[in-house]
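Student: File start-v1.csv follows (CSV, C-alpha atoms):
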chain,number,residue,atom,x,y,z
A,6,MET,CA,5.8,20.1,32.5
A,7,GLU,CA,7.6,17.9,34.9
A,8,SER,CA,10.7,19.2,36.7
A,9,GLU,CA,13.8,19.5,34.4
A,10,CYS,CA,17.4,18.7,35.2
A,11,LYS,CA,20.6,19.9,33.6
A,12,PRO,CA,21.4,18.0,30.4
A,13,VAL,CA,24.4,15.7,30.5
A,14,LEU,CA,26.5,16.4,27.4
A,15,TYR,CA,29.5,14.4,26.1
A,16,ASP,CA,32.2,15.6,23.7
A,17,ASN,CA,31.0,17.2,20.5
A,18,GLU,CA,27.4,17.4,21.7
A,19,ARG,CA,25.2,20.5,22.1
A,20,TYR,CA,21.8,21.2,23.7
A,21,ASP,CA,19.3,22.7,21.3
A,22,TYR,CA,16.0,24.1,22.3
A,23,LEU,CA,12.9,23.1,20.3
A,24,VAL,CA,10.7,26.2,19.8
A,25,THR,CA,7.7,24.1,20.8
A,26,ASP,CA,7.1,24.5,24.5
A,27,GLU,CA,10.8,25.2,25.3
A,28,LEU,CA,11.7,21.5,25.0
A,29,GLY,CA,15.4,20.7,24.7
A,30,ILE,CA,17.2,18.0,22.8
A,31,ILE,CA,20.8,16.8,22.7
A,32,GLN,CA,22.4,16.8,19.2
A,33,SER,CA,25.8,16.3,17.6
A,34,ARG,CA,27.2,17.0,14.2
A,35,GLU,CA,28.8,13.6,14.4
A,36,VAL,CA,25.4,11.9,14.2
A,37,PHE,CA,22.3,12.4,12.1
A,38,SER,CA,20.2,15.3,13.6
A,39,PHE,CA,16.5,15.7,13.2
A,40,SER,CA,15.1,17.8,10.4
A,41,MET,CA,11.7,19.3,9.3
A,42,ASP,CA,10.3,15.9,8.4
A,43,ALA,CA,10.3,14.8,12.0
A,44,VAL,CA,8.6,18.0,13.2
A,45,LEU,CA,5.9,17.7,10.5
A,46,LEU,CA,5.2,14.0,11.3
A,47,ALA,CA,4.9,14.8,15.0
A,48,ARG,CA,2.2,17.4,14.1
A,49,PHE,CA,0.4,15.3,11.5
A,50,ALA,CA,0.1,12.0,13.3
A,51,GLY,CA,-3.2,11.0,14.8
A,52,VAL,CA,-2.5,10.2,18.5
A,53,PRO,CA,-4.9,9.4,21.3
A,54,GLN,CA,-5.0,11.6,24.4
A,55,GLN,CA,-4.5,8.5,26.6
A,56,GLY,CA,-3.2,5.0,25.9
A,57,ARG,CA,0.1,3.9,24.4
A,58,VAL,CA,2.1,5.4,21.5
A,59,LEU,CA,5.2,4.0,19.8
A,60,ASP,CA,7.9,5.8,17.8
A,61,LEU,CA,10.1,3.6,15.6
A,62,CYS,CA,13.4,4.7,14.0
A,63,SER,CA,13.4,7.2,16.8
A,64,GLY,CA,16.9,8.7,16.4
A,65,ASN,CA,17.6,11.2,19.2
A,66,GLY,CA,14.0,11.2,20.3
A,67,VAL,CA,12.7,14.4,18.8
A,68,ILE,CA,9.3,12.9,17.8
A,69,PRO,CA,8.4,11.5,21.2
A,70,LEU,CA,9.5,14.8,22.8
A,71,LEU,CA,7.2,16.8,20.5
A,72,LEU,CA,4.3,14.3,20.9
A,73,THR,CA,4.3,15.1,24.7
A,74,THR,CA,2.8,18.5,23.8
A,75,ARG,CA,-0.2,16.8,22.1
A,76,THR,CA,-1.0,13.7,24.3
A,77,ARG,CA,-0.8,12.4,27.8
A,78,ALA,CA,-0.3,8.8,26.4
A,79,ARG,CA,2.7,6.7,27.4
A,80,ILE,CA,5.3,6.9,24.6
A,81,ASP,CA,7.9,4.2,23.8
A,82,ALA,CA,10.7,5.1,21.4
A,83,VAL,CA,12.7,2.3,19.7
A,84,GLU,CA,16.1,3.1,18.3
A,85,LEU,CA,18.7,0.7,16.9
A,86,GLN,CA,21.9,2.7,17.3
A,87,PRO,CA,23.2,2.8,20.9
A,88,ARG,CA,24.7,6.3,20.7
A,89,LEU,CA,21.4,7.8,19.5
A,90,ALA,CA,19.3,5.9,22.0
A,91,ASP,CA,21.6,7.2,24.8
A,92,MET,CA,21.3,10.7,23.5
A,93,ALA,CA,17.5,10.3,23.5
A,94,ARG,CA,17.4,9.0,27.1
A,95,ARG,CA,19.5,12.0,28.3
A,96,SER,CA,17.2,14.4,26.4
A,97,VAL,CA,14.1,12.8,28.0
A,98,ARG,CA,15.8,13.1,31.4
A,99,SER,CA,16.8,16.7,30.9
A,100,ASN,CA,13.1,17.6,30.1
A,101,GLY,CA,11.8,15.7,33.2
A,102,LEU,CA,9.8,13.3,31.0
A,103,GLU,CA,11.0,9.9,32.2
A,104,ASP,CA,7.5,9.0,33.4
A,105,ARG,CA,6.1,9.6,29.9
A,106,ILE,CA,8.8,8.5,27.5
A,107,GLN,CA,10.7,5.2,27.6
A,108,VAL,CA,13.6,4.9,25.1
A,109,ILE,CA,14.4,1.3,24.1
A,110,GLU,CA,17.6,0.3,22.3
A,111,GLY,CA,16.5,-2.4,19.9
A,112,ASP,CA,15.6,-3.6,16.4
A,113,LEU,CA,12.1,-2.8,15.1
A,114,LYS,CA,12.1,-6.1,13.2
A,115,ASP,CA,11.9,-8.2,16.5
A,116,TYR,CA,10.6,-5.6,18.9
A,117,HIS,CA,7.2,-7.3,19.0
A,118,LEU,CA,8.8,-10.2,20.9
A,119,THR,CA,9.1,-7.9,23.9
A,120,GLY,CA,6.7,-5.1,23.0
A,121,GLY,CA,3.9,-7.4,22.3
A,122,TYR,CA,1.4,-7.8,19.4
A,123,GLY,CA,-1.3,-5.2,19.0
A,124,THR,CA,0.0,-3.3,22.0
A,125,TYR,CA,-0.1,0.3,20.7
A,126,ASP,CA,-2.9,2.7,19.9
A,127,ALA,CA,-0.7,4.7,17.5
A,128,ILE,CA,2.7,4.4,15.9
A,129,THR,CA,4.9,7.0,14.3
A,130,VAL,CA,7.9,6.3,12.1
A,131,ASN,CA,10.4,8.3,10.1
A,132,PRO,CA,12.2,5.5,8.3
A,133,PRO,CA,15.3,5.6,6.0
A,134,TYR,CA,14.2,6.9,2.7
A,135,MET,CA,16.6,5.4,0.2
A,136,PRO,CA,17.2,1.7,-0.7
A,137,PRO,CA,20.8,0.5,0.1
A,138,ALA,CA,22.0,0.8,-3.5
A,139,ALA,CA,20.5,4.3,-4.2
A,140,GLY,CA,23.1,7.0,-4.6
A,141,ASP,CA,26.3,7.3,-2.7
A,142,GLN,CA,26.1,6.2,0.9
A,143,ASN,CA,27.5,8.7,3.3
A,144,ARG,CA,30.8,7.6,4.9
A,145,ASN,CA,29.5,8.6,8.3
A,146,GLU,CA,27.8,5.4,9.6
A,147,TYR,CA,25.2,7.3,11.5
A,148,TYR,CA,24.1,9.3,8.5
A,149,ALA,CA,24.2,6.2,6.2
A,150,ILE,CA,21.9,4.2,8.6
A,151,ALA,CA,19.5,7.0,9.0
A,152,ARG,CA,19.2,7.6,5.2
A,153,HIS,CA,19.6,4.2,3.6
A,154,GLU,CA,17.7,0.9,4.2
A,155,ILE,CA,20.8,-0.8,5.6
A,156,TYR,CA,19.2,-2.4,8.7
A,157,CYS,CA,15.5,-2.2,7.7
A,158,THR,CA,13.6,-2.0,4.5
A,159,LEU,CA,10.3,-0.3,3.9
A,160,ARG,CA,8.5,-3.6,4.2
A,161,ASP,CA,10.3,-4.4,7.4
A,162,VAL,CA,8.9,-1.1,8.8
A,163,THR,CA,5.3,-1.7,7.7
A,164,ALA,CA,5.4,-5.3,8.9
A,165,ALA,CA,6.7,-4.2,12.3
A,166,CYS,CA,4.0,-1.6,12.5
A,167,ALA,CA,1.3,-4.1,11.6
A,168,ARG,CA,2.4,-6.5,14.4
A,169,LEU,CA,2.6,-3.8,17.0
A,170,VAL,CA,-0.5,-1.6,16.4
A,171,ARG,CA,-4.0,-2.7,17.6
A,172,THR,CA,-7.0,-3.1,15.3
A,173,GLY,CA,-8.3,0.4,14.6
A,174,GLY,CA,-4.9,1.9,15.7
A,175,ARG,CA,-3.1,4.4,13.5
A,176,VAL,CA,0.3,4.3,11.8
A,177,SER,CA,1.8,7.6,10.6
A,178,MET,CA,4.8,7.9,8.4
A,179,VAL,CA,6.8,10.5,6.5
A,180,HIS,CA,8.7,9.5,3.4
A,181,ARG,CA,9.6,10.5,-0.2
A,182,PRO,CA,6.9,11.0,-2.8
A,183,SER,CA,8.9,9.0,-5.3
A,184,ARG,CA,8.2,5.9,-3.3
A,185,LEU,CA,4.5,6.5,-2.7
A,186,VAL,CA,3.2,3.6,-4.8
A,187,GLU,CA,5.6,1.2,-3.0
A,188,ILE,CA,4.5,2.7,0.4
A,189,LEU,CA,0.8,2.2,-0.3
A,190,GLU,CA,1.4,-1.4,-1.5
A,191,ALA,CA,3.5,-2.2,1.5
A,192,LEU,CA,0.9,-0.8,3.9
A,193,ARG,CA,-2.0,-2.7,2.4
A,194,GLU,CA,-0.1,-6.0,2.2
A,195,VAL,CA,-0.1,-6.0,6.0
A,196,ARG,CA,-3.7,-4.8,6.5
A,197,LEU,CA,-2.8,-1.2,7.2
A,198,GLU,CA,-5.3,0.8,5.2
A,199,PRO,CA,-4.2,4.3,4.1
A,200,LYS,CA,-6.6,6.9,5.4
A,201,ARG,CA,-4.9,10.3,5.2
A,202,LEU,CA,-2.3,11.6,2.8
A,203,ARG,CA,-0.6,15.0,2.5
A,204,PHE,CA,2.1,16.2,0.2
A,205,VAL,CA,4.7,18.7,1.4
A,206,HIS,CA,6.0,21.2,-1.1
A,207,PRO,CA,9.0,23.5,-0.6
A,208,HIS,CA,7.1,26.3,-2.3
A,209,ALA,CA,3.9,26.9,-4.2
A,210,GLY,CA,4.2,25.5,-7.7
A,211,GLY,CA,7.1,23.2,-6.8
A,212,GLU,CA,7.2,19.4,-6.8
A,213,ALA,CA,6.5,17.7,-3.5
A,214,ASN,CA,9.6,16.6,-1.6
A,215,MET,CA,7.9,14.8,1.3
A,216,VAL,CA,4.7,12.9,1.8
A,217,LEU,CA,2.9,12.4,5.1
A,218,ILE,CA,0.6,9.3,5.3
A,219,GLU,CA,-1.5,7.8,8.0
A,220,ALA,CA,-3.0,4.3,7.9
A,221,MET,CA,-5.4,2.4,10.1
A,222,ARG,CA,-5.2,-1.3,11.0
A,223,ASP,CA,-8.0,-3.3,9.5
A,224,ALA,CA,-10.0,-0.3,8.3
A,225,LYS,CA,-12.2,0.1,5.3
A,226,PRO,CA,-10.7,1.7,2.2
A,227,ASP,CA,-11.4,5.5,2.2
A,228,LEU,CA,-8.3,7.7,1.5
A,229,ARG,CA,-8.5,11.4,2.2
A,230,LEU,CA,-6.1,13.5,0.2
A,231,LEU,CA,-5.4,16.6,2.3
A,232,PRO,CA,-4.5,20.1,0.9
A,233,PRO,CA,-0.8,20.5,0.1
A,234,LEU,CA,1.5,21.8,2.8
A,235,ILE,CA,3.6,24.7,1.5
A,236,VAL,CA,6.8,25.4,3.4
A,237,TYR,CA,8.1,28.7,2.1
A,238,THR,CA,6.5,31.9,0.7
A,239,GLU,CA,7.8,33.7,-2.3
A,240,GLU,CA,9.8,35.8,0.1
A,241,ARG,CA,11.6,32.6,1.3
A,242,GLU,CA,9.9,32.9,4.7
A,243,TYR,CA,8.0,30.1,6.4
A,244,ALA,CA,4.4,30.0,5.4
A,245,ASP,CA,1.8,30.7,8.0
A,246,GLU,CA,1.0,27.1,8.6
A,247,LEU,CA,4.6,26.2,9.0
A,248,LYS,CA,5.0,29.0,11.6
A,249,ALA,CA,2.0,27.6,13.5
A,250,ILE,CA,3.5,24.1,13.4
A,251,TYR,CA,7.0,25.2,14.6
A,252,TYR,CA,5.7,27.5,17.3
A,253,GLY,CA,3.5,24.9,19.0
A,254,GLN,CA,0.1,25.3,17.4
A,255,PRO,CA,-1.5,21.8,16.9
A,256,GLY,CA,-1.3,20.6,13.3
A,257,GLU,CA,-4.3,18.9,11.7
A,258,ARG,CA,-6.0,16.5,14.0
A,259,ALA,CA,-7.2,13.1,12.9
A,260,GLU,CA,-10.9,12.6,13.0
A,261,GLN,CA,-12.4,10.3,15.6
A,262,GLU,CA,-11.7,6.7,14.9
A,263,GLU,CA,-15.3,5.7,14.4
A,264,ALA,CA,-15.6,8.3,11.6
A,265,ASP,CA,-12.7,6.6,9.8
A,266,ARG,CA,-14.0,3.0,10.0
As structure tokens, please, write out the structure in this file.

Tutor:
Amino acid sequence: MESECKPVLYDNERYDYLVTDELGIIQSREVFSFSMDAVLLARFAGVPQQGRVLDLCSGNGVIPLLLTTRTRARIDAVELQPRLADMARRSVRSNGLEDRIQVIEGDLKDYHLTGGYGTYDAITVNPPYMPPAAGDQNRNEYYAIARHEIYCTLRDVTAACARLVRTGGRVSMVHRPSRLVEILEALREVRLEPKRLRFVHPHAGGEANMVLIEAMRDAKPDLRLLPPLIVYTEEREYADELKAIYYGQPGERAEQEEADR
């Protein structure tokens, strides 16, 4: 890994270590911190070993940091909220990854105007899960924006991905199973063909509470439903696959692009 430097921390911030490859990340209880869904997406996503990768709704940059353990591609991270974008930049700097990750403060809805059409080989996105009117919105603005579709809807996200990914490129997303039908419709409306889908269950026999989905731009219909990912054993310990994911073993790799066409 590139040379690291001491993290710059502001009031009410802490520096947490990701168990994967001893990466560090700046977090704060005042803003929305990353959770398991981001880690699972970073391991699930099909990414090239070279080329360009984009992470949308990047938050404090956890997914780009984790992706550096899987690829040598150049990674751009787009985040709307200035404070989170600044935290992500400082985390990148503290890990010595400035030459591999660029954090961009901006709106995914118009990022194509500067990022360019069809620029990226792969895109990851952990978008807000809930429509604006769903449930009680958190009074904390950072939490509300991260959880609710206040500044971007699901269709805003899929449209942005379709503009930014190249033909044959991959788009990987984590979301709620309750919105799966809407997700599939939104992807196909913009010529992003669902190719891999995996449900995440808190324990065996329990309902899924997350879904991981990968689509390919302008691909033929052929969806693979992968085995369920179980988080906890009956003893309330991480299942073996979760341990492997959290401790740096590669998750399931996407097949070669030609095999998916």

Student: Take the point (15.7, 18.1, 18.3) as written in the file and pick out every residue within 8 Å of it, counting all atoms listed in the file; give the list as a PyMOL selection string.

Tutor: chain A and resi 21-23+29-32+38-40+65-67

Student: Rounded to one decimal, what separation in Å do you get between CA of Leu169 (chain A) and CA of Val195 (chain A)?

Tutor: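 Taking CA of Leu169 (chain A) and CA of Val195 (chain A), their separation equals 11.5 Å.
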
Student: In terms of the shortest atom-to-atom distance over only C-alpha atoms, which of A:Lys114, A:Arg98, A:Lys248, A:Arg105 is closest to Arg79 (chain A)?

Tutor: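 Residue with the minimum atom-to-atom distance to Arg79 (chain A): A:Arg105.
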
Student: Contacts of Leu59 (chain A) at 6 Å or less, counting all atoms listed in the file, minus same-chain residues fewer than 2 places along, as a list in words?

Tutor: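 That gives Ile80, Asp81, Ala82 and Ile128 of chain A.
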
Student: Point out the residue among A:Leu159, A:Leu14, A:Val36, A:Cys166 with the least atom-to-atom distance to Arg88 (chain A), counting all atoms listed in the file.

Tutor: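 So, comparing all the options, the nearest one is A:Val36.
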
Student: For the atom pair CA of Leu46 (chain A) and CA of Leu228 (chain A), what is the interatomic distance in Å to one decimal place?

Tutor: 17.8 Å

Student: Would you mind listing what lies within 8 Å of Leu192 (chain A) as JSON, numbers by chain, with only C-alpha atoms counted and same-chain residues fewer than 6 positions away left out?

Tutor: {"A": [163, 198, 199, 220]}

Student: Rank nothing, just name the residue among A:Glu27, A:Asp161, A:Asp42, A:Glu110 nearest to Thr74 (chain A), using all atoms listed in the file.

Tutor: A:Glu27

Student: Starting from the point (10.9, -1.0, 7.1), work out which residues of protein, DNA or RNA have an atom no more than 12 Å away when counting only C-alpha atoms; state them as a PyMOL selection string.

Tutor: chain A and resi 61-62+112-115+130-136+151+153-167+178+180+187-188+191-192

Student: Using only C-alpha atoms, find the one residue out of A:Val97, A:Gly64, A:Glu18, A:Glu103 that sits nearest to Arg152 (chain A).

Tutor: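 Checking each of A:Val97, A:Gly64, A:Glu18, A:Glu103 against Arg152 (chain A), counting only C-alpha atoms, the winner is A:Gly64.
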
Student: My list of candidates is A:Leu85, A:Val170, A:Val179, A:Thr76. Which is closest to His117 (chain A) when distances are computed with all atoms listed in the file?

Tutor: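 The shortest atom-to-atom distance to His117 (chain A) comes from A:Val170.
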
Student: For Asp91 (chain A), which residue out of A:Tyr116, A:Tyr15, A:Phe49, A:Tyr125 is the nearest one, using only C-alpha atoms?

Tutor: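 Closest to Asp91 (chain A) of all the choices is A:Tyr15.
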
Student: Record the distance separating CA of Ala93 (chain A) and CA of Lys11 (chain A), expressed in Å with one decimal.

Tutor: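 It comes out at 14.3 Å.
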
Student: Env of Pro12 (chain A): 7 Å cut, atoms = only C-alpha atoms, seq-sep filter 4 positions within chain, self excluded. Answer as a ChimeraX atom specification.

Tutor: /A:95-96,99

Student: Provide region 179-201 of chain A rebuilt to N, CA, C and O atoms, formatted as a CSV table (one decimal), in the coordinates of the input.

Tutor:
chain,number,residue,atom,x,y,z
A,179,VAL,N,6.4,9.5,7.5
A,179,VAL,CA,6.8,10.5,6.5
A,179,VAL,C,7.8,9.9,5.6
A,179,VAL,O,8.7,9.0,6.1
A,180,HIS,N,7.8,10.2,4.3
A,180,HIS,CA,8.7,9.5,3.4
A,180,HIS,C,8.8,10.4,2.1
A,180,HIS,O,8.4,11.5,2.1
A,181,ARG,N,9.4,9.8,1.1
A,181,ARG,CA,9.6,10.5,-0.2
A,181,ARG,C,8.5,10.2,-1.1
A,181,ARG,O,8.1,9.0,-1.3
A,182,PRO,N,8.0,11.2,-1.8
A,182,PRO,CA,6.9,11.0,-2.8
A,182,PRO,C,7.3,10.0,-3.9
A,182,PRO,O,6.4,9.3,-4.4
A,183,SER,N,8.5,9.9,-4.2
A,183,SER,CA,8.9,9.0,-5.3
A,183,SER,C,8.7,7.6,-5.0
A,183,SER,O,8.6,6.7,-5.9
A,184,ARG,N,8.5,7.2,-3.7
A,184,ARG,CA,8.2,5.9,-3.3
A,184,ARG,C,6.8,5.6,-2.9
A,184,ARG,O,6.5,4.6,-2.2
A,185,LEU,N,5.9,6.6,-3.2
A,185,LEU,CA,4.5,6.5,-2.7
A,185,LEU,C,3.8,5.2,-3.1
A,185,LEU,O,3.1,4.6,-2.3
A,186,VAL,N,3.9,4.8,-4.4
A,186,VAL,CA,3.2,3.6,-4.8
A,186,VAL,C,3.7,2.4,-4.0
A,186,VAL,O,2.9,1.6,-3.5
A,187,GLU,N,5.0,2.3,-3.8
A,187,GLU,CA,5.6,1.2,-3.0
A,187,GLU,C,5.1,1.3,-1.5
A,187,GLU,O,4.8,0.3,-0.9
A,188,ILE,N,5.0,2.5,-1.0
A,188,ILE,CA,4.5,2.7,0.4
A,188,ILE,C,3.1,2.2,0.5
A,188,ILE,O,2.7,1.4,1.5
A,189,LEU,N,2.2,2.6,-0.4
A,189,LEU,CA,0.8,2.2,-0.3
A,189,LEU,C,0.7,0.7,-0.5
A,189,LEU,O,-0.1,0.0,0.3
A,190,GLU,N,1.5,0.1,-1.4
A,190,GLU,CA,1.4,-1.4,-1.5
A,190,GLU,C,1.9,-2.1,-0.2
A,190,GLU,O,1.3,-3.1,0.2
A,191,ALA,N,3.0,-1.6,0.3
A,191,ALA,CA,3.5,-2.2,1.5
A,191,ALA,C,2.6,-2.1,2.7
A,191,ALA,O,2.4,-3.1,3.5
A,192,LEU,N,1.9,-1.0,2.9
A,192,LEU,CA,0.9,-0.8,3.9
A,192,LEU,C,-0.3,-1.8,3.8
A,192,LEU,O,-0.6,-2.5,4.7
A,193,ARG,N,-0.8,-1.9,2.6
A,193,ARG,CA,-2.0,-2.7,2.4
A,193,ARG,C,-1.7,-4.2,2.4
A,193,ARG,O,-2.6,-5.0,2.8
A,194,GLU,N,-0.5,-4.5,2.1
A,194,GLU,CA,-0.1,-6.0,2.2
A,194,GLU,C,-0.2,-6.5,3.6
A,194,GLU,O,-0.4,-7.7,3.8
A,195,VAL,N,-0.1,-5.6,4.6
A,195,VAL,CA,-0.1,-6.0,6.0
A,195,VAL,C,-1.3,-5.5,6.7
A,195,VAL,O,-1.4,-5.3,7.9
A,196,ARG,N,-2.4,-5.2,5.9
A,196,ARG,CA,-3.7,-4.8,6.5
A,196,ARG,C,-3.7,-3.4,7.2
A,196,ARG,O,-4.4,-3.2,8.1
A,197,LEU,N,-2.8,-2.5,6.7
A,197,LEU,CA,-2.8,-1.2,7.2
A,197,LEU,C,-3.4,-0.3,6.1
A,197,LEU,O,-2.7,-0.1,5.0
A,198,GLU,N,-4.6,0.1,6.3
A,198,GLU,CA,-5.3,0.8,5.2
A,198,GLU,C,-5.0,2.3,5.2
A,198,GLU,O,-5.3,3.0,6.2
A,199,PRO,N,-4.4,2.8,4.1
A,199,PRO,CA,-4.2,4.3,4.1
A,199,PRO,C,-5.5,5.1,4.2
A,199,PRO,O,-6.5,4.8,3.5
A,200,LYS,N,-5.4,6.1,5.1
A,200,LYS,CA,-6.6,6.9,5.4
A,200,LYS,C,-6.4,8.4,5.1
A,200,LYS,O,-7.3,9.1,4.8
A,201,ARG,N,-5.2,8.9,5.4
A,201,ARG,CA,-4.9,10.3,5.2
A,201,ARG,C,-3.6,10.5,4.5
A,201,ARG,O,-2.6,9.8,4.8
